[in-house]
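Notes to accompany the following structure.
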Amino acid sequence: MTISEWLRVAAVLAVLFGGLPVIRFLVTRSGAGPEVSRKAVHVAMGLICAAFPWIFDRPLPVWILAGLATVPLIILRMVPSLKAGVGATLHGISRPSYGEVLFAPSVAAVFHMSHGEPLLHLIPVTILAIADAAGALAGTRWGRLRYGCGEGFKTIEGSAAFMITAFLAVFLPLVVIGGFDPWKALWIGLTMGLLVMMAEGLADRGFDNLIIPLGSFFVLARLIPLETSPLVVRFVVASGLLALVLSGSRWSTLSGGALLGCSLLGYGCAIMADFRFALPAVGIFICHLVTTRKNRFVGVFDHRLDAVLSHAIGCLPWVVLVERKIISDSMGLLGVSIAMASQLGILDMATYWWIHQRPSPIWRSMAKGWAFAALPGLVWFWPDYSLLLLPLAFAMVTTAIAVWVFRSVKPQDYFHPTRLWLLKGCVALLSSIPALLLPS
């Protein structure tokens, strides 16, 4: 660290922490609520951090700055007298939030990964600073239509404000600073706005300060090199999956945040690999809608994001291996299909337990899993089905074991719901190992 870098770090810290009492004074004088106070700090910190590419030449000073900024915020949270004083600017709301602790490390990580490219740092941090504040304030002021998110709720009005602001935070820098063609910048902005809105909609307790900048960076880095036609396809995929889950929300037991998680999971599978990898999960979602509507489960169950995480555990490892070109597309698609077959078989067994108070025949749950979750992926192996004989023979055994595990006991009697969902995802993933036997 040079003297110049230390001086710049000190100057940024002075501005950041000098602004806390000023904002507290202005908020107190104006009579604004605690949420306005928090978001005013959020916007001020974010706009300063967005300028880092023009202040610092390398990541080390930014990481040091992040550490120096985060430790006092942790102290403000932990010391009651400070929390009630100047810390009230950040902690003046009743719900638990860790956003201020996650803010600086997330910004430092984005700066590090951007490798000095201003747009790759500026846009994610601007979305975090401005769009998040716009969504929160719009939801607080005008929000009427609520949806579940974690242990709380968010509003459709707030999410709409977030999406519009995020679009502008992407479109304007790309055109004005980056000199992008406006038509290309339009599709990048629309796709980014939609995806980041969904990510923000499923995050609570301040974890959006981690998810939004990192997610925005990775998505933006993938979208910028693309031509206009692939960008249009990505927007259509994202909006189509969102339309699917929202149109079925009236018959779903999934919370609003979990429904957004479903859309993101499907998008991740389709874009990181290809559209075929999303079909097994779509098959499970359609079965879910049919089952919940038929048995009138809406209002009886409240399934949250951990249910989506369970399915992500089963399929995303295969998708990532394909995206990294560690395994072939065919092997990855087979792995996803087998994992989702086990997942649906396990879900069918649990549903049967609930309705009839006795376990379902294993063949019944397995048949449902293979027909509605695996088959949408397996049909793409035509006409080379002979390659599937060995892996499918073993997969029939592993999926039967997976379903049998949840037939032998009622796990819901022994596990917390979140741990139960994680267990289901891990069992489904383990059952898909026979996909590695597919000839390359």
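Ligands are numbered from 1 in the order shown, chains are lettered A, B, ... in the order of the structure tokens, and residues start at 1 in each chain.
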
Exercise: Gly143 of chain A partners within 9 Å, only C-alpha atoms, chain neighbours under 2 positions left out, as a PyMOL selection string: chain A and resi 138-141+145-146+154-158

Write out, as JSON lines, each residue of segment 254-322 of chain A that has an atom at most 9 Å from segment 413-431 of chain A, together with the closest pair of atoms and their distance in Å to one decimal, counting only C-alpha atoms, rows going by chain and rising number.
```
{"residue": "A:Asp306", "atom": "CA", "partner": "A:Thr418", "partner_atom": "CA", "distance": 5.8}
{"residue": "A:Ala307", "atom": "CA", "partner": "A:Trp421", "partner_atom": "CA", "distance": 5.8}
{"residue": "A:Val308", "atom": "CA", "partner": "A:Trp421", "partner_atom": "CA", "distance": 8.7}
{"residue": "A:Leu309", "atom": "CA", "partner": "A:Leu422", "partner_atom": "CA", "distance": 7.3}
{"residue": "A:Ser310", "atom": "CA", "partner": "A:Gly425", "partner_atom": "CA", "distance": 4.2}
{"residue": "A:His311", "atom": "CA", "partner": "A:Gly425", "partner_atom": "CA", "distance": 5.7}
{"residue": "A:Ala312", "atom": "CA", "partner": "A:Gly425", "partner_atom": "CA", "distance": 7.4}
{"residue": "A:Ile313", "atom": "CA", "partner": "A:Gly425", "partner_atom": "CA", "distance": 5.2}
{"residue": "A:Gly314", "atom": "CA", "partner": "A:Leu429", "partner_atom": "CA", "distance": 4.4}
{"residue": "A:Cys315", "atom": "CA", "partner": "A:Leu429", "partner_atom": "CA", "distance": 7.2}
{"residue": "A:Pro317", "atom": "CA", "partner": "A:Leu429", "partner_atom": "CA", "distance": 8.4}
```

DSSP-assigned alpha helix (DSSP H) members of segment 145-368 of chain A, reported as a ChimeraX atom specification: /A:156-176,182-202,208-223,228-247,256-272,279-295,305-323,329-356,362-368

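In terms of minimum interatomic distance to Ser328 of chain A, A:Pro439 ranks closest within A:Pro439, A:Phe275, A:Leu378, A:Ser229, counting only C-alpha atoms.
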
Shell of 10 Å around Leu392 of chain A, only C-alpha atoms, local chain residues under 5 positions omitted, as JSON, numbers by chain: {"A": [334, 338, 387, 397, 398, 399, 432, 434, 435, 437, 438]}

Pairwise distance for atom CA of Leu244 of chain A and atom CA of Cys262 of chain A, rounded to one decimal in Å: 9.8 Å

DSSP strand (DSSP E) residues within segment 91-249 of chain A, listed as number ranges by chain: A: 146-149, 152-155

Contacts of Arg364 of chain A within 10 Å, only C-alpha atoms, excl. fewer than 6 positions in-chain, as a PyMOL selection string: chain A and resi 345+348-349

I need the chosen residues saved as a PDB file, in the first residue's frame, with C-alpha atoms.
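Output contents, as saved in out.pdb:
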```
ATOM      1  CA  GLY A 345     -40.894 -39.596  -6.298  1.00  0.00           C
ATOM      2  CA  ASP A 348     -45.203 -37.971  -4.115  1.00  0.00           C
ATOM      3  CA  MET A 349     -44.399 -40.251  -1.186  1.00  0.00           C
TER       4      MET A 349
END
```
